[in-house]
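Structure data follow from data18.csv (CSV, C-alpha atoms and all ligand atoms):
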```
chain,number,residue,atom,x,y,z
A,1,MET,CA,9.5,17.1,7.3
A,2,GLN,CA,9.7,16.0,11.0
A,3,ASN,CA,12.7,13.7,11.5
A,4,PHE,CA,12.8,10.7,13.8
A,5,ASN,CA,14.7,7.4,13.8
A,6,ILE,CA,12.9,4.9,11.5
A,7,GLY,CA,13.8,1.3,11.1
A,8,PHE,CA,12.5,-0.9,8.3
A,9,ILE,CA,12.3,-4.7,8.8
A,10,GLY,CA,12.5,-6.1,5.2
A,11,GLY,CA,14.3,-4.3,2.4
A,12,GLY,CA,12.1,-5.2,-0.5
A,13,ASN,CA,10.0,-3.2,-3.0
A,14,MET,CA,7.8,-1.3,-0.6
A,15,THR,CA,10.7,-0.3,1.7
A,16,ARG,CA,12.7,1.0,-1.3
A,17,SER,CA,9.7,3.1,-2.4
A,18,LEU,CA,9.0,4.4,1.1
A,19,ILE,CA,12.7,5.4,1.6
A,20,GLY,CA,12.9,7.0,-1.8
A,21,GLY,CA,9.7,9.0,-0.9
A,22,LEU,CA,11.0,10.0,2.6
A,23,ILE,CA,14.3,11.2,1.3
A,24,ALA,CA,12.7,13.2,-1.5
A,25,ASN,CA,10.5,14.8,1.2
A,26,GLY,CA,13.5,16.0,3.2
A,27,PHE,CA,13.8,13.1,5.7
A,28,LYS,CA,17.5,12.7,6.7
A,29,HIS,CA,19.1,9.5,5.3
A,30,ASP,CA,21.1,9.0,8.5
A,31,LYS,CA,17.9,8.6,10.5
A,32,ILE,CA,16.9,5.5,8.4
A,33,SER,CA,18.0,1.9,9.0
A,34,VAL,CA,16.9,-1.3,7.2
A,35,THR,CA,17.3,-4.9,7.9
A,36,ASP,CA,17.1,-7.7,5.3
A,37,PRO,CA,18.6,-11.2,5.2
A,38,ASP,CA,20.0,-10.6,1.7
A,39,ASN,CA,23.5,-9.0,1.6
A,40,GLN,CA,23.2,-7.7,-1.9
A,41,LYS,CA,19.8,-6.1,-1.3
A,42,ARG,CA,21.3,-4.4,1.8
A,43,ALA,CA,24.4,-3.2,-0.2
A,44,ARG,CA,22.2,-1.7,-2.9
A,45,LEU,CA,20.0,0.1,-0.4
A,46,ALA,CA,23.1,1.5,1.4
A,47,THR,CA,24.6,2.7,-1.9
A,48,ASP,CA,21.4,4.1,-3.4
A,49,PHE,CA,20.2,6.0,-0.3
A,50,GLY,CA,23.2,6.4,2.1
A,51,ILE,CA,21.3,4.7,4.9
A,52,HIS,CA,22.3,2.2,7.6
A,53,THR,CA,21.7,-1.4,6.9
A,54,LEU,CA,21.8,-4.4,9.2
A,55,GLY,CA,21.3,-8.2,9.0
A,56,ASN,CA,19.8,-8.5,12.5
A,57,ASN,CA,16.3,-7.4,13.2
A,58,GLN,CA,16.7,-7.1,17.0
A,59,GLN,CA,19.5,-4.6,16.7
A,60,ILE,CA,17.4,-2.1,14.8
A,61,VAL,CA,14.8,-1.8,17.5
A,62,ALA,CA,17.2,-0.2,20.1
A,63,THR,CA,17.5,3.0,18.0
A,64,ALA,CA,14.1,3.2,16.3
A,65,ASP,CA,11.3,5.6,17.3
A,66,VAL,CA,9.3,4.0,14.5
A,67,LEU,CA,9.6,0.5,13.3
A,68,LEU,CA,8.1,-0.3,9.9
A,69,LEU,CA,7.3,-3.9,9.3
A,70,ALA,CA,7.6,-4.6,5.6
A,71,VAL,CA,8.0,-8.3,5.3
A,72,LYS,CA,5.5,-10.6,3.5
A,73,PRO,CA,2.4,-11.5,5.6
A,74,GLN,CA,3.4,-15.2,5.7
A,75,VAL,CA,6.6,-14.5,7.7
A,76,MET,CA,5.2,-11.7,9.9
A,77,LYS,CA,4.3,-14.0,12.9
A,78,GLN,CA,7.9,-15.3,13.1
A,79,VAL,CA,9.4,-11.9,12.6
A,80,ALA,CA,7.2,-10.3,15.3
A,81,GLU,CA,7.8,-13.1,17.8
A,82,ASP,CA,11.5,-12.7,17.4
A,83,LEU,CA,11.2,-8.9,17.9
A,84,ALA,CA,8.9,-9.2,21.0
A,85,THR,CA,11.5,-8.8,23.7
A,86,ALA,CA,13.3,-5.8,22.1
A,87,VAL,CA,9.9,-4.2,21.3
A,88,GLN,CA,8.7,-4.6,24.9
A,89,GLN,CA,11.9,-3.0,26.1
A,90,ASN,CA,12.0,0.0,23.7
A,91,GLN,CA,8.3,0.6,22.9
A,92,PRO,CA,8.7,2.0,19.4
A,93,LEU,CA,5.7,2.9,17.2
A,94,LEU,CA,5.1,-0.1,14.9
A,95,ILE,CA,3.7,0.4,11.4
A,96,SER,CA,2.7,-2.7,9.6
A,97,ILE,CA,2.1,-2.6,5.9
A,98,ALA,CA,1.5,-6.3,5.6
A,99,ALA,CA,-1.8,-7.1,3.8
A,100,GLY,CA,-4.2,-9.0,6.0
A,101,ILE,CA,-2.4,-8.9,9.3
A,102,ARG,CA,-4.8,-7.7,12.0
A,103,GLU,CA,-3.6,-5.3,14.8
A,104,SER,CA,-4.7,-7.7,17.6
A,105,ASP,CA,-2.7,-10.6,16.1
A,106,LEU,CA,0.4,-8.5,15.6
A,107,ASP,CA,0.1,-7.1,19.1
A,108,ARG,CA,-0.3,-10.6,20.6
A,109,TRP,CA,2.9,-11.9,18.7
A,110,LEU,CA,4.8,-8.8,20.0
A,111,GLY,CA,3.9,-9.5,23.6
A,112,GLY,CA,0.9,-7.1,24.0
A,113,GLY,CA,0.3,-3.4,24.7
A,114,CYS,CA,2.1,-2.2,21.6
A,115,ALA,CA,1.4,1.0,19.7
A,116,ILE,CA,0.5,-0.2,16.2
A,117,VAL,CA,-0.6,1.5,13.1
A,118,ARG,CA,-1.8,-0.7,10.3
A,119,ALA,CA,-1.4,0.7,6.8
A,120,MET,CA,-2.7,-0.6,3.6
A,121,PRO,CA,-0.8,1.0,0.7
A,122,ASN,CA,-1.2,-0.2,-2.9
A,123,THR,CA,1.2,-1.0,-5.7
A,124,PRO,CA,1.3,2.6,-7.2
A,125,ALA,CA,3.4,3.3,-4.1
A,126,LEU,CA,6.3,2.0,-6.3
A,127,VAL,CA,5.9,5.2,-8.3
A,128,GLY,CA,5.0,7.6,-5.4
A,129,CYS,CA,1.2,7.4,-6.1
A,130,SER,CA,-0.1,5.1,-3.5
A,131,ALA,CA,-3.6,5.3,-2.0
A,132,THR,CA,-3.1,4.3,1.6
A,133,ALA,CA,-5.6,3.7,4.4
A,134,LEU,CA,-4.4,3.8,8.0
A,135,HIS,CA,-5.7,2.7,11.3
A,136,ALA,CA,-4.2,3.2,14.8
A,137,ASN,CA,-4.8,1.0,17.8
A,138,GLU,CA,-5.6,2.3,21.2
A,139,TRP,CA,-1.9,2.7,22.3
A,140,VAL,CA,-0.9,5.1,19.5
A,141,SER,CA,-0.4,8.7,20.6
A,142,GLU,CA,-1.3,11.8,18.6
A,143,GLN,CA,2.3,12.4,17.8
A,144,GLN,CA,2.8,8.8,16.7
A,145,GLN,CA,-0.2,9.2,14.4
A,146,GLU,CA,1.4,12.2,12.8
A,147,GLN,CA,4.7,10.2,12.4
A,148,ALA,CA,2.8,7.3,10.7
A,149,GLU,CA,0.9,9.6,8.4
A,150,SER,CA,4.1,11.5,7.4
A,151,VAL,CA,5.8,8.2,6.5
A,152,LEU,CA,2.9,6.9,4.3
A,153,ARG,CA,2.3,10.3,2.7
A,154,ALA,CA,5.8,10.1,1.3
A,155,VAL,CA,4.5,7.7,-1.3
A,156,GLY,CA,1.1,9.3,-2.0
A,157,LEU,CA,-2.3,9.8,-0.4
A,158,ALA,CA,-2.8,8.7,3.2
A,159,LEU,CA,-6.3,8.5,4.9
A,160,TRP,CA,-7.3,7.4,8.4
A,161,LEU,CA,-10.1,4.9,8.9
A,162,ASP,CA,-12.5,5.0,11.9
A,163,SER,CA,-12.4,1.2,12.4
A,164,GLU,CA,-10.0,-1.5,11.5
A,165,ALA,CA,-12.9,-3.6,10.2
A,166,GLN,CA,-13.0,-1.2,7.2
A,167,MET,CA,-9.6,-2.5,6.2
A,168,ASP,CA,-11.1,-5.4,4.3
A,169,SER,CA,-13.3,-3.1,2.3
A,170,VAL,CA,-10.2,-0.9,1.6
A,171,THR,CA,-8.4,-4.1,0.4
A,172,ALA,CA,-11.2,-4.7,-2.0
A,173,LEU,CA,-11.2,-1.1,-3.2
A,174,SER,CA,-7.7,0.4,-3.4
A,175,GLY,CA,-5.6,-2.7,-2.5
A,176,SER,CA,-6.9,-4.8,-5.4
A,177,GLY,CA,-8.1,-1.7,-7.3
A,178,PRO,CA,-5.0,-1.3,-9.6
A,179,ALA,CA,-5.8,-4.7,-11.1
A,180,TYR,CA,-9.4,-3.7,-11.9
A,181,PHE,CA,-8.1,-0.6,-13.8
A,182,LEU,CA,-5.4,-2.6,-15.5
A,183,LEU,CA,-8.0,-5.1,-16.6
A,184,ILE,CA,-10.2,-2.4,-18.1
A,185,MET,CA,-7.2,-0.9,-19.8
A,186,GLU,CA,-6.3,-4.3,-21.2
A,187,ILE,CA,-9.9,-4.8,-22.5
A,188,MET,CA,-10.0,-1.3,-24.1
A,189,GLN,CA,-6.7,-1.8,-25.8
A,190,GLN,CA,-7.6,-5.1,-27.2
A,191,ALA,CA,-11.0,-3.8,-28.4
A,192,ALA,CA,-9.3,-0.8,-30.1
A,193,VAL,CA,-6.9,-3.2,-31.9
A,194,THR,CA,-9.9,-5.2,-33.3
A,195,LEU,CA,-11.3,-1.8,-34.4
A,196,GLY,CA,-8.2,-1.3,-36.6
A,197,LEU,CA,-5.6,0.6,-34.4
A,198,ASP,CA,-2.1,-0.7,-34.1
A,199,ASP,CA,-0.9,-2.0,-30.6
A,200,ARG,CA,1.3,1.1,-29.8
A,201,THR,CA,-1.4,3.6,-30.6
A,202,ALA,CA,-4.1,1.6,-28.7
A,203,ARG,CA,-1.8,1.3,-25.7
A,204,LEU,CA,-0.7,4.9,-25.5
A,205,LEU,CA,-4.2,6.3,-26.1
A,206,THR,CA,-5.6,4.0,-23.4
A,207,LEU,CA,-3.0,4.8,-20.8
A,208,GLN,CA,-3.1,8.5,-21.3
A,209,THR,CA,-6.9,8.5,-21.2
A,210,ALA,CA,-6.8,6.6,-17.9
A,211,PHE,CA,-4.2,9.0,-16.5
A,212,GLY,CA,-5.8,12.2,-17.8
A,213,THR,CA,-9.3,11.1,-16.5
A,214,ALA,CA,-7.9,10.3,-13.0
A,215,LYS,CA,-6.1,13.7,-12.9
A,216,MET,CA,-9.1,15.6,-14.1
A,217,ALA,CA,-11.3,13.9,-11.5
A,218,LEU,CA,-8.8,14.5,-8.7
A,219,GLU,CA,-8.5,18.2,-9.6
A,220,SER,CA,-12.3,18.7,-9.8
A,221,ASN,CA,-14.7,19.3,-7.0
A,222,GLU,CA,-17.4,17.5,-9.0
A,223,ASN,CA,-18.2,13.8,-8.4
A,224,ALA,CA,-17.6,11.1,-11.1
A,225,ALA,CA,-21.2,10.9,-12.1
A,226,THR,CA,-21.3,14.7,-12.9
A,227,LEU,CA,-18.1,14.6,-14.8
A,228,ARG,CA,-19.3,11.6,-16.8
A,229,GLN,CA,-22.5,13.3,-17.7
A,230,ARG,CA,-20.5,16.3,-18.9
A,231,VAL,CA,-18.5,14.2,-21.4
A,232,THR,CA,-21.7,12.3,-22.5
A,233,SER,CA,-23.6,14.5,-25.0
A,234,PRO,CA,-27.1,13.4,-25.9
A,235,GLY,CA,-27.2,11.2,-29.0
A,236,GLY,CA,-23.4,11.0,-29.1
A,237,THR,CA,-20.9,8.2,-29.1
A,238,THR,CA,-20.1,8.0,-25.4
A,239,GLY,CA,-23.7,7.5,-24.5
A,240,GLU,CA,-24.0,4.6,-26.9
A,241,ALA,CA,-20.9,2.9,-25.3
A,242,VAL,CA,-22.0,3.6,-21.7
A,243,LYS,CA,-25.5,2.2,-22.4
A,244,VAL,CA,-23.9,-1.1,-23.7
A,245,LEU,CA,-21.8,-1.3,-20.5
A,246,GLU,CA,-24.7,-0.6,-18.2
A,247,ASP,CA,-27.2,-2.9,-20.0
A,248,GLY,CA,-24.5,-5.6,-19.8
A,249,GLY,CA,-24.5,-5.4,-16.0
A,250,LEU,CA,-21.3,-3.5,-15.2
A,251,TRP,CA,-22.7,-2.0,-12.0
A,252,GLU,CA,-23.7,-5.3,-10.6
A,253,LEU,CA,-20.5,-7.0,-11.7
A,254,PHE,CA,-18.4,-4.4,-9.8
A,255,HIS,CA,-20.6,-4.8,-6.7
A,256,GLN,CA,-20.1,-8.6,-6.9
A,257,ALA,CA,-16.3,-8.2,-7.5
A,258,LEU,CA,-15.6,-5.9,-4.6
A,259,THR,CA,-17.8,-8.1,-2.3
A,260,ALA,CA,-15.8,-11.2,-3.3
A,261,ALA,CA,-12.5,-9.4,-2.7
A,262,ARG,CA,-13.7,-8.2,0.7
A,263,THR,CA,-14.8,-11.7,1.7
A,264,ARG,CA,-11.5,-13.2,0.6
A,265,SER,CA,-9.6,-10.5,2.6
A,266,GLU,CA,-11.6,-11.4,5.8
A,267,GLU,CA,-10.8,-15.1,5.2
A,268,LEU,CA,-7.1,-14.5,4.7
A,269,ALA,CA,-6.8,-12.3,7.8
A,270,LYS,CA,-8.4,-15.1,9.8
A,271,GLN,CA,-6.0,-17.7,8.4
A,272,LEU,CA,-2.9,-15.5,8.9
A,273,GLY,CA,-4.0,-14.7,12.5
A,274,GLU,CA,-4.6,-18.4,13.4
A,275,LYS,CA,-1.1,-19.5,12.3
B,1,LIG,N1,4.2,-4.3,-3.1
B,1,LIG,C1,3.0,-3.7,-2.9
B,1,LIG,O1,2.5,-3.0,-3.8
B,1,LIG,C2,2.3,-3.8,-1.6
B,1,LIG,C3,1.1,-3.1,-1.4
B,1,LIG,C4,0.4,-3.2,-0.2
B,1,LIG,C5,1.0,-3.9,0.9
B,1,LIG,N2,2.2,-4.5,0.7
B,1,LIG,C6,2.8,-5.3,1.8
B,1,LIG,O2,4.1,-4.8,2.0
B,1,LIG,C7,4.9,-5.9,2.5
B,1,LIG,C8,6.2,-5.9,1.7
B,1,LIG,O3,5.9,-6.1,0.4
B,1,LIG,P1,7.0,-6.0,-0.8
B,1,LIG,O4,6.3,-6.0,-2.1
B,1,LIG,O5,8.0,-4.9,-0.4
B,1,LIG,O6,7.7,-7.5,-0.5
B,1,LIG,P2,9.2,-7.9,-0.8
B,1,LIG,O7,9.8,-7.1,-2.0
B,1,LIG,O8,9.2,-9.4,-0.9
B,1,LIG,O9,10.0,-7.4,0.5
B,1,LIG,C9,10.1,-8.1,1.7
B,1,LIG,C10,11.5,-8.2,2.1
B,1,LIG,O10,11.6,-8.7,3.4
B,1,LIG,C11,12.7,-9.6,3.4
B,1,LIG,N3,12.6,-10.6,4.5
B,1,LIG,C12,12.1,-11.8,4.6
B,1,LIG,N4,12.2,-12.4,5.8
B,1,LIG,C13,12.8,-11.4,6.6
B,1,LIG,C14,13.1,-11.3,8.0
B,1,LIG,N5,13.0,-12.3,8.8
B,1,LIG,N6,13.7,-10.1,8.4
B,1,LIG,C15,13.9,-9.1,7.6
B,1,LIG,N7,13.6,-9.1,6.3
B,1,LIG,C16,13.0,-10.2,5.8
B,1,LIG,C17,12.6,-10.3,2.1
B,1,LIG,O11,13.8,-11.0,1.8
B,1,LIG,P3,13.7,-12.3,0.8
B,1,LIG,O12,13.2,-11.8,-0.5
B,1,LIG,O13,15.1,-12.8,0.8
B,1,LIG,O14,12.7,-13.3,1.5
B,1,LIG,C18,12.4,-9.1,1.2
B,1,LIG,O15,13.6,-8.5,0.8
B,1,LIG,C19,4.1,-7.1,2.4
B,1,LIG,O16,3.6,-7.5,3.6
B,1,LIG,C20,2.9,-6.8,1.5
B,1,LIG,O17,1.7,-7.4,1.9
B,1,LIG,C21,2.9,-4.5,-0.5
```

Please render this file's structure as structure tokens.
Amino acid sequence: MQNFNIGFIGGGNMTRSLIGGLIANGFKHDKISVTDPDNQKRARLATDFGIHTLGNNQQIVATADVLLLAVKPQVMKQVAEDLATAVQQNQPLLISIAAGIRESDLDRWLGGGCAIVRAMPNTPALVGCSATALHANEWVSEQQQEQAESVLRAVGLALWLDSEAQMDSVTALSGSGPAYFLLIMEIMQQAAVTLGLDDRTARLLTLQTAFGTAKMALESNENAATLRQRVTSPGGTTGEAVKVLEDGGLWELFHQALTAARTRSEELAKQLGEK
């Protein structure tokens, strides 16, 4: 893996996952620095990964080719404004993983003209299985795009979007998506218990079915509809269940759910940008 100096602002869950993924992919630990206000969090990161840690955000900018902003969206404006002078002097590539923060708002808070990649990973990043969408603004070079992609690929799949506006749809699909699958798992488990299975059996069979189905679909060249038809024999049990789900309006419900999530994402981005 190509090595460059990377600084993380915020040493929380996502930073820990990304650093774990980078080091597992051959990234050198002495090229990684992290800032976080919490002494204990910094000490744990230093011990676990052998990386540099600092309590001061400005200091990290001087040595970073890539600066990854991994603080909560609510504090991003303050963090960015405090970094603006150092960022203008050193011109690192900025990667923001904060949900709902638009490139133009971040660029304005940082003083303008900054190379920014916006990334939307999802929670399975915590186990190295993220689905991440990326978008680069006009000041990001080809080499910087490669750097950003290599960082996010360390925790799973990373795909580029043509337009930042698609980020709200991505939020509705893969950002919030883990909760949809978890809800379906919860419902299936509970239904199986009412059909007479014990909790443990219902849980393990549900989880392995979800995992195995995703793996099978990922490893196949066929689309989901074809794979589903293949496991649905005429007159069989699966067809009966799918008919109940479709007659009950499942397609329409999911369309409505994703649309509602996208609308909320647009509203939140607007609110965060106005602050
Ligand atoms: N977790 C996910 O699955 C996920 C998925 C997609 C996107 N994201 C995005 O990733 C970002 C980080 O999420 P996370 O789950 O890693 O959050 P987190 O665990 O709360 O990590 C954020 C860290 O930043 C620290 N921090 C707060 N103010 C700071 C400052 N001024 N300078 C430096 N560090 C500061 C926080 O310290 P304190 O705790 O002391 O405040 C915390 O340790 C968020 O913007 C979120 O939207 C997360």

At a cut-off of 12 Å, using only C-alpha atoms, what residues contact Val75 in chain A? Leave out same-chain residues fewer than 2 positions from it and give the result as a PDB file with C-alpha atoms, in the frame of the given file.
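The result, written out as result.pdb:
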```pdb
ATOM      1  CA  ILE A   9      12.300  -4.700   8.800  1.00  0.00           C
ATOM      2  CA  GLY A  10      12.500  -6.100   5.200  1.00  0.00           C
ATOM      3  CA  LEU A  69       7.300  -3.900   9.300  1.00  0.00           C
ATOM      4  CA  ALA A  70       7.600  -4.600   5.600  1.00  0.00           C
ATOM      5  CA  VAL A  71       8.000  -8.300   5.300  1.00  0.00           C
ATOM      6  CA  LYS A  72       5.500 -10.600   3.500  1.00  0.00           C
ATOM      7  CA  PRO A  73       2.400 -11.500   5.600  1.00  0.00           C
ATOM      8  CA  LYS A  77       4.300 -14.000  12.900  1.00  0.00           C
ATOM      9  CA  GLN A  78       7.900 -15.300  13.100  1.00  0.00           C
ATOM     10  CA  VAL A  79       9.400 -11.900  12.600  1.00  0.00           C
ATOM     11  CA  ALA A  80       7.200 -10.300  15.300  1.00  0.00           C
ATOM     12  CA  GLU A  81       7.800 -13.100  17.800  1.00  0.00           C
ATOM     13  CA  ASP A  82      11.500 -12.700  17.400  1.00  0.00           C
ATOM     14  CA  ALA A  98       1.500  -6.300   5.600  1.00  0.00           C
ATOM     15  CA  ALA A  99      -1.800  -7.100   3.800  1.00  0.00           C
ATOM     16  CA  ILE A 101      -2.400  -8.900   9.300  1.00  0.00           C
ATOM     17  CA  LEU A 106       0.400  -8.500  15.600  1.00  0.00           C
ATOM     18  CA  TRP A 109       2.900 -11.900  18.700  1.00  0.00           C
ATOM     19  CA  LEU A 272      -2.900 -15.500   8.900  1.00  0.00           C
ATOM     20  CA  GLY A 273      -4.000 -14.700  12.500  1.00  0.00           C
ATOM     21  CA  LYS A 275      -1.100 -19.500  12.300  1.00  0.00           C
TER      22      LYS A 275
END
```

Just how far from CA of Phe8 in chain A is atom N7 of ligand LIG 1 (chain B), in Å to one decimal?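 Atom-to-atom, atom N7 of ligand LIG 1 (chain B) to CA of Phe8 in chain A, that is 8.5 Å.
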
Would you work out the distance separating CA of Leu110 in chain A from CA of Ala133 in chain A, expressed in Å to one decimal?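 Interatomic distance here is 22.5 Å.
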
Please measure the separation of atom C13 of ligand LIG 1 (chain B) and CA of Val34 in chain A, giving the value in Å to one decimal.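 So the answer is 10.9 Å.
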
Neighbours of Pro124 in chain A within 12 Å (only C-alpha atoms; same-chain residues fewer than 5 positions away dropped), as a compact mmCIF listing (two decimals) with C-alpha atoms, in the coordinates of the input?
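Here's the written file around_37.txt:
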```txt
# COMPACT_ATOMS: atom_id res chain seq x y z
CA ASN A 13 10.00 -3.20 -3.00
CA MET A 14 7.80 -1.30 -0.60
CA SER A 17 9.70 3.10 -2.40
CA LEU A 18 9.00 4.40 1.10
CA CYS A 129 1.20 7.40 -6.10
CA SER A 130 -0.10 5.10 -3.50
CA ALA A 131 -3.60 5.30 -2.00
CA THR A 132 -3.10 4.30 1.60
CA VAL A 155 4.50 7.70 -1.30
CA GLY A 156 1.10 9.30 -2.00
CA LEU A 157 -2.30 9.80 -0.40
CA SER A 174 -7.70 0.40 -3.40
CA GLY A 175 -5.60 -2.70 -2.50
CA SER A 176 -6.90 -4.80 -5.40
CA GLY A 177 -8.10 -1.70 -7.30
CA PRO A 178 -5.00 -1.30 -9.60
CA ALA A 179 -5.80 -4.70 -11.10
CA PHE A 181 -8.10 -0.60 -13.80
CA LEU A 182 -5.40 -2.60 -15.50
```

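These residues, each with an atom at most 12 Å from (22.3, 8.3, 1.4) using only C-alpha atoms, are Ile19, Gly20, Leu22, Ile23, Ala24, Gly26, Phe27, Lys28, His29, Asp30, Lys31, Ile32, Ser33, Ala43, Arg44, Leu45, Ala46, Thr47, Asp48, Phe49, Gly50, Ile51, His52 and Thr53 of chain A.
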
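Distance check against ligand LIG 1 (chain B) using only C-alpha atoms and all ligand atoms: of A:Asn25, A:Gln89, A:Thr123, A:Asn221, the minimum falls on A:Thr123.
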
Give me, as a tab-separated table (two decimals) with C-alpha atoms, keeping the file's coordinate frame, all polymer residues having an atom no more than 9 Å from range 201-203 of chain A, counting only C-alpha atoms and skipping those fewer than 3 positions away in the same chain.
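Final output, saved to result_11.tsv:
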```
chain	number	residue	atom	x	y	z
A	185	MET	CA	-7.20	-0.90	-19.80
A	186	GLU	CA	-6.30	-4.30	-21.20
A	188	MET	CA	-10.00	-1.30	-24.10
A	189	GLN	CA	-6.70	-1.80	-25.80
A	190	GLN	CA	-7.60	-5.10	-27.20
A	191	ALA	CA	-11.00	-3.80	-28.40
A	192	ALA	CA	-9.30	-0.80	-30.10
A	193	VAL	CA	-6.90	-3.20	-31.90
A	197	LEU	CA	-5.60	0.60	-34.40
A	198	ASP	CA	-2.10	-0.70	-34.10
A	206	THR	CA	-5.60	4.00	-23.40
A	207	LEU	CA	-3.00	4.80	-20.80
A	208	GLN	CA	-3.10	8.50	-21.30
```

Within 12 Å of Phe254 in chain A, counting all atoms listed in the file, which residues qualify if same-chain residues fewer than 4 places away don't, as a CSV table (one decimal) with C-alpha atoms, keeping the file's coordinate frame?
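Result file around-v2.csv:
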```
chain,number,residue,atom,x,y,z
A,172,ALA,CA,-11.2,-4.7,-2.0
A,173,LEU,CA,-11.2,-1.1,-3.2
A,177,GLY,CA,-8.1,-1.7,-7.3
A,180,TYR,CA,-9.4,-3.7,-11.9
A,181,PHE,CA,-8.1,-0.6,-13.8
A,184,ILE,CA,-10.2,-2.4,-18.1
A,245,LEU,CA,-21.8,-1.3,-20.5
A,246,GLU,CA,-24.7,-0.6,-18.2
A,248,GLY,CA,-24.5,-5.6,-19.8
A,249,GLY,CA,-24.5,-5.4,-16.0
A,250,LEU,CA,-21.3,-3.5,-15.2
A,258,LEU,CA,-15.6,-5.9,-4.6
A,259,THR,CA,-17.8,-8.1,-2.3
A,260,ALA,CA,-15.8,-11.2,-3.3
A,261,ALA,CA,-12.5,-9.4,-2.7
```

Rebuild range 255-270 of chain A so that it carries N, CA and C atoms, then output the result as a PDB file, keeping the file's coordinate frame.
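As written to disk, result-v6.pdb reads:
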```pdb
ATOM      1  N   HIS A 255     -20.093  -4.551  -8.087  1.00  0.00           N
ATOM      2  CA  HIS A 255     -20.600  -4.800  -6.700  1.00  0.00           C
ATOM      3  C   HIS A 255     -20.150  -6.219  -6.285  1.00  0.00           C
ATOM      4  N   GLN A 256     -20.391  -7.179  -7.189  1.00  0.00           N
ATOM      5  CA  GLN A 256     -20.100  -8.600  -6.900  1.00  0.00           C
ATOM      6  C   GLN A 256     -18.539  -8.742  -6.689  1.00  0.00           C
ATOM      7  N   ALA A 257     -17.770  -8.085  -7.570  1.00  0.00           N
ATOM      8  CA  ALA A 257     -16.300  -8.200  -7.500  1.00  0.00           C
ATOM      9  C   ALA A 257     -15.738  -7.707  -6.216  1.00  0.00           C
ATOM     10  N   LEU A 258     -16.178  -6.514  -5.818  1.00  0.00           N
ATOM     11  CA  LEU A 258     -15.600  -5.900  -4.600  1.00  0.00           C
ATOM     12  C   LEU A 258     -16.083  -6.737  -3.350  1.00  0.00           C
ATOM     13  N   THR A 259     -17.310  -7.246  -3.402  1.00  0.00           N
ATOM     14  CA  THR A 259     -17.800  -8.100  -2.300  1.00  0.00           C
ATOM     15  C   THR A 259     -16.959  -9.344  -2.173  1.00  0.00           C
ATOM     16  N   ALA A 260     -16.658  -9.966  -3.326  1.00  0.00           N
ATOM     17  CA  ALA A 260     -15.800 -11.200  -3.300  1.00  0.00           C
ATOM     18  C   ALA A 260     -14.448 -10.909  -2.776  1.00  0.00           C
ATOM     19  N   ALA A 261     -13.871  -9.776  -3.166  1.00  0.00           N
ATOM     20  CA  ALA A 261     -12.500  -9.400  -2.700  1.00  0.00           C
ATOM     21  C   ALA A 261     -12.546  -9.182  -1.180  1.00  0.00           C
ATOM     22  N   ARG A 262     -13.599  -8.507  -0.695  1.00  0.00           N
ATOM     23  CA  ARG A 262     -13.700  -8.200   0.700  1.00  0.00           C
ATOM     24  C   ARG A 262     -13.803  -9.534   1.545  1.00  0.00           C
ATOM     25  N   THR A 263     -14.638 -10.439   1.048  1.00  0.00           N
ATOM     26  CA  THR A 263     -14.800 -11.700   1.700  1.00  0.00           C
ATOM     27  C   THR A 263     -13.498 -12.484   1.793  1.00  0.00           C
ATOM     28  N   ARG A 264     -12.752 -12.474   0.679  1.00  0.00           N
ATOM     29  CA  ARG A 264     -11.500 -13.200   0.600  1.00  0.00           C
ATOM     30  C   ARG A 264     -10.466 -12.531   1.617  1.00  0.00           C
ATOM     31  N   SER A 265     -10.505 -11.210   1.693  1.00  0.00           N
ATOM     32  CA  SER A 265      -9.600 -10.500   2.600  1.00  0.00           C
ATOM     33  C   SER A 265      -9.897 -10.905   4.057  1.00  0.00           C
ATOM     34  N   GLU A 266     -11.201 -11.032   4.402  1.00  0.00           N
ATOM     35  CA  GLU A 266     -11.600 -11.400   5.800  1.00  0.00           C
ATOM     36  C   GLU A 266     -11.076 -12.861   6.046  1.00  0.00           C
ATOM     37  N   GLU A 267     -11.242 -13.745   5.045  1.00  0.00           N
ATOM     38  CA  GLU A 267     -10.800 -15.100   5.200  1.00  0.00           C
ATOM     39  C   GLU A 267      -9.286 -15.214   5.417  1.00  0.00           C
ATOM     40  N   LEU A 268      -8.542 -14.446   4.589  1.00  0.00           N
ATOM     41  CA  LEU A 268      -7.100 -14.500   4.700  1.00  0.00           C
ATOM     42  C   LEU A 268      -6.578 -13.962   6.011  1.00  0.00           C
ATOM     43  N   ALA A 269      -7.212 -12.872   6.490  1.00  0.00           N
ATOM     44  CA  ALA A 269      -6.800 -12.300   7.800  1.00  0.00           C
ATOM     45  C   ALA A 269      -7.006 -13.316   8.899  1.00  0.00           C
ATOM     46  N   LYS A 270      -8.105 -14.041   8.806  1.00  0.00           N
ATOM     47  CA  LYS A 270      -8.400 -15.100   9.800  1.00  0.00           C
ATOM     48  C   LYS A 270      -7.339 -16.157   9.781  1.00  0.00           C
TER      49      LYS A 270
END
```
